[in-house]
Amino acid sequence: MKKTLFLILSGCIVIFSIICICCGPIITGVIPDSDDWKTLNCQQKADELKDKEDQHLGRTELKPYKRAKNRCNREKAMYGLEYSSLIVDVICGFVCTLLGLLHYFDVAKPFEKVTGIIGLATGIIGFVLTFVYLVYSTYIFTNDPYDDDLYKTNGDWAYAKYEDGKGFKCLFYKKGNDESVLAKYSDLGKKQYNYNKKKLKEYNEDTNKFKTCSTLDPDNYGPSLCKSAEYIDQPKAGCDYLYIEPDDDIDRKYLFDKWVTTIIFSCFIIACDIGLAIFGFLLFKSDGSGI
């Protein structure tokens, strides 16, 4: 039973790793400009932050520089981890699968303890690398903005709502966080950030509210103002909401689906790595009976 489970877990690691390699958001290049992540100069970001700290800026003024430095470190780390963790998993998993096949057919009994040690080491190394990669990947996916020009909207493509006497209130504004109004990677699966035939048709009709109440002068009245202010001082002009033009992009949903798939199968790899380490240890301690 130990040999059978050792073989199954090793094979699953290989299969799941190949799936992740085929879907990895960096390896497949679906993240815009992700090739640049490997050469990011995070020390420059750290120096910029240090210069601002030496100027005795307040905490609020320092936040953008801290976010830039931390984001740079995360992206550079994720780039290396995606390649290293998945390549290690698929190679080590393949080796363990071959060894598992030999033991399954009882042609390598003298090397059972060696195989156990290899399985134990592979499981531990794979677990550590894949777990760290998963942490970085999940954090960036759920917390970092996709693009500096893709703003959050609700399901109807609105980013601000009119309030009497105050103007248009930014729906996603958070004080001290200019990234709060930007769509995150985890938002990209939503309909408002992808092609929607019905909404695009509505927008293109001259009498539709979207065209009337979308921003006509982005330099003075646009979603970028929501980065630094809760309200946009703009006349109502018959609009209850301000809208962003619906998009005909389909690449964002593709990126979202691939990234989610990688996260899910990375969890499966971690579970199999734990199992492989356990059964590798049991093989090492085995008395050779095969039970």
# chains A, B, ... in the order shown; residues from 1 in each chain; ligands from 1

call {"tool": "select_by_dssp", "arguments": {"residues": "region 40-266 of chain A", "states": "strand (DSSP E)", "output": "list in words"}}
result
Ala158, Tyr159, Ala160, Lys161, Tyr162, Glu163, Gly167, Phe168, Lys169, Cys170, Tyr231, Ile232, Tyr241, Leu242 and Tyr243 of chain A

call {"tool": "write_last_selection", "arguments": {"atoms": "C-alpha atoms", "output": "short mmCIF file (atom, residue, chain, number, x, y, z; two decimals), in the first residue's frame"}}
result
data_model
loop_
_atom_site.label_atom_id
_atom_site.label_comp_id
_atom_site.auth_asym_id
_atom_site.auth_seq_id
_atom_site.Cartn_x
_atom_site.Cartn_y
_atom_site.Cartn_z
CA ALA A 158 -20.39 53.13 -12.54
CA TYR A 159 -17.55 54.52 -10.44
CA ALA A 160 -19.30 57.45 -8.70
CA LYS A 161 -22.81 58.19 -7.38
CA TYR A 162 -24.38 61.63 -7.09
CA GLU A 163 -25.22 62.96 -3.61
CA GLY A 167 -21.32 66.10 -5.91
CA PHE A 168 -20.45 62.61 -7.09
CA LYS A 169 -19.17 60.26 -4.39
CA CYS A 170 -16.43 57.87 -5.50
CA TYR A 231 -16.10 63.52 -4.08
CA ILE A 232 -15.93 64.82 -7.63
CA TYR A 241 -23.98 57.93 -11.66
CA LEU A 242 -20.78 58.49 -13.58
CA TYR A 243 -19.77 55.61 -15.83
#

call {"tool": "closest_atom_pairs", "arguments": {"of": "region 87-187 of chain A", "to": "region 274-281 of chain A", "cutoff": "12 Å", "atoms": "only C-alpha atoms", "output": "CSV"}}
result
residue,atom,partner,partner_atom,distance
A:Asp89,CA,A:Leu276,CA,11.6
A:Cys92,CA,A:Leu276,CA,11.0
A:Gly93,CA,A:Leu276,CA,9.3
A:Cys96,CA,A:Leu276,CA,9.0
A:Thr97,CA,A:Leu276,CA,10.6
A:Leu99,CA,A:Gly280,CA,11.2
A:Gly100,CA,A:Gly280,CA,10.2
A:Glu112,CA,A:Gly280,CA,9.4
A:Lys113,CA,A:Gly280,CA,8.5
A:Val114,CA,A:Gly280,CA,9.2
A:Thr115,CA,A:Gly280,CA,7.1
A:Gly116,CA,A:Gly280,CA,4.0
A:Ile117,CA,A:Gly280,CA,6.2
A:Ile118,CA,A:Gly280,CA,7.1
A:Gly119,CA,A:Gly280,CA,4.5
A:Leu120,CA,A:Ala277,CA,3.9
A:Ala121,CA,A:Ala277,CA,6.8
A:Thr122,CA,A:Ala277,CA,7.0
A:Gly123,CA,A:Ala277,CA,4.3
A:Ile124,CA,A:Ala277,CA,6.1
A:Ile125,CA,A:Ala277,CA,9.3
A:Gly126,CA,A:Ile274,CA,8.7
A:Phe127,CA,A:Ile274,CA,6.6
A:Val128,CA,A:Ile274,CA,9.9
A:Thr130,CA,A:Ile274,CA,11.1
A:Phe131,CA,A:Ile274,CA,10.9

call {"tool": "select_by_dssp", "arguments": {"residues": "region 28-130 of chain A", "states": "helix (DSSP H, G or I)", "output": "PyMOL selection string"}}
result
chain A and resi 34-39+42-54+59-104+109-130

call {"tool": "atom_distance", "arguments": {"atom1": "CA of Asp247 (chain A)", "atom2": "CA of Met78 (chain A)"}}
result
28.9 Å

call {"tool": "residues_around", "arguments": {"residues": "Pro32 (chain A)", "least_positions_apart": "6", "cutoff": "12 Å", "atoms": "only C-alpha atoms", "output": "PyMOL selection string"}}
result
chain A and resi 25-26+145-148+185+251-252+255

call {"tool": "write_last_selection", "arguments": {"atoms": "N, CA and C atoms", "output": "PDB file, in the first residue's frame"}}
result
ATOM      1  N   PRO A  25       0.631  32.311 -14.672  1.00  0.00           N
ATOM      2  CA  PRO A  25       0.435  33.648 -15.249  1.00  0.00           C
ATOM      3  C   PRO A  25       1.724  34.318 -15.715  1.00  0.00           C
ATOM      4  N   ILE A  26       2.863  33.963 -15.105  1.00  0.00           N
ATOM      5  CA  ILE A  26       4.139  34.532 -15.539  1.00  0.00           C
ATOM      6  C   ILE A  26       4.746  33.684 -16.648  1.00  0.00           C
ATOM      7  N   PRO A 145      -3.049  45.956  -7.736  1.00  0.00           N
ATOM      8  CA  PRO A 145      -3.831  46.410  -8.889  1.00  0.00           C
ATOM      9  C   PRO A 145      -3.296  45.837 -10.187  1.00  0.00           C
ATOM     10  N   TYR A 146      -4.213  45.593 -11.099  1.00  0.00           N
ATOM     11  CA  TYR A 146      -3.844  45.043 -12.413  1.00  0.00           C
ATOM     12  C   TYR A 146      -3.121  46.074 -13.263  1.00  0.00           C
ATOM     13  N   ASP A 147      -3.616  47.291 -13.243  1.00  0.00           N
ATOM     14  CA  ASP A 147      -3.070  48.329 -14.110  1.00  0.00           C
ATOM     15  C   ASP A 147      -3.396  49.684 -13.504  1.00  0.00           C
ATOM     16  N   ASP A 148      -2.525  50.648 -13.708  1.00  0.00           N
ATOM     17  CA  ASP A 148      -2.743  51.983 -13.150  1.00  0.00           C
ATOM     18  C   ASP A 148      -3.865  52.739 -13.842  1.00  0.00           C
ATOM     19  N   TYR A 185      -6.192  42.180  -9.645  1.00  0.00           N
ATOM     20  CA  TYR A 185      -6.187  40.994 -10.500  1.00  0.00           C
ATOM     21  C   TYR A 185      -7.408  40.112 -10.205  1.00  0.00           C
ATOM     22  N   ASP A 251      -8.929  39.501 -22.787  1.00  0.00           N
ATOM     23  CA  ASP A 251      -7.671  38.988 -22.229  1.00  0.00           C
ATOM     24  C   ASP A 251      -7.689  38.940 -20.711  1.00  0.00           C
ATOM     25  N   ARG A 252      -8.434  39.862 -20.078  1.00  0.00           N
ATOM     26  CA  ARG A 252      -8.438  39.910 -18.612  1.00  0.00           C
ATOM     27  C   ARG A 252      -9.110  38.684 -18.017  1.00  0.00           C
ATOM     28  N   LEU A 255      -6.644  35.868 -18.282  1.00  0.00           N
ATOM     29  CA  LEU A 255      -5.637  35.962 -17.221  1.00  0.00           C
ATOM     30  C   LEU A 255      -6.214  35.468 -15.900  1.00  0.00           C
TER      31      LEU A 255
END

call {"tool": "residues_around", "arguments": {"residues": "Glu48 (chain A)", "least_positions_apart": "4", "cutoff": "8 Å", "atoms": "only C-alpha atoms", "output": "ChimeraX atom specification"}}
result
/A:44,52,65

call {"tool": "atom_distance", "arguments": {"atom1": "CA of Ile263 (chain A)", "atom2": "CA of Cys42 (chain A)"}}
result
25.4 Å

call {"tool": "atom_distance", "arguments": {"atom1": "CA of Cys239 (chain A)", "atom2": "CA of Pro223 (chain A)"}}
result
15.3 Å
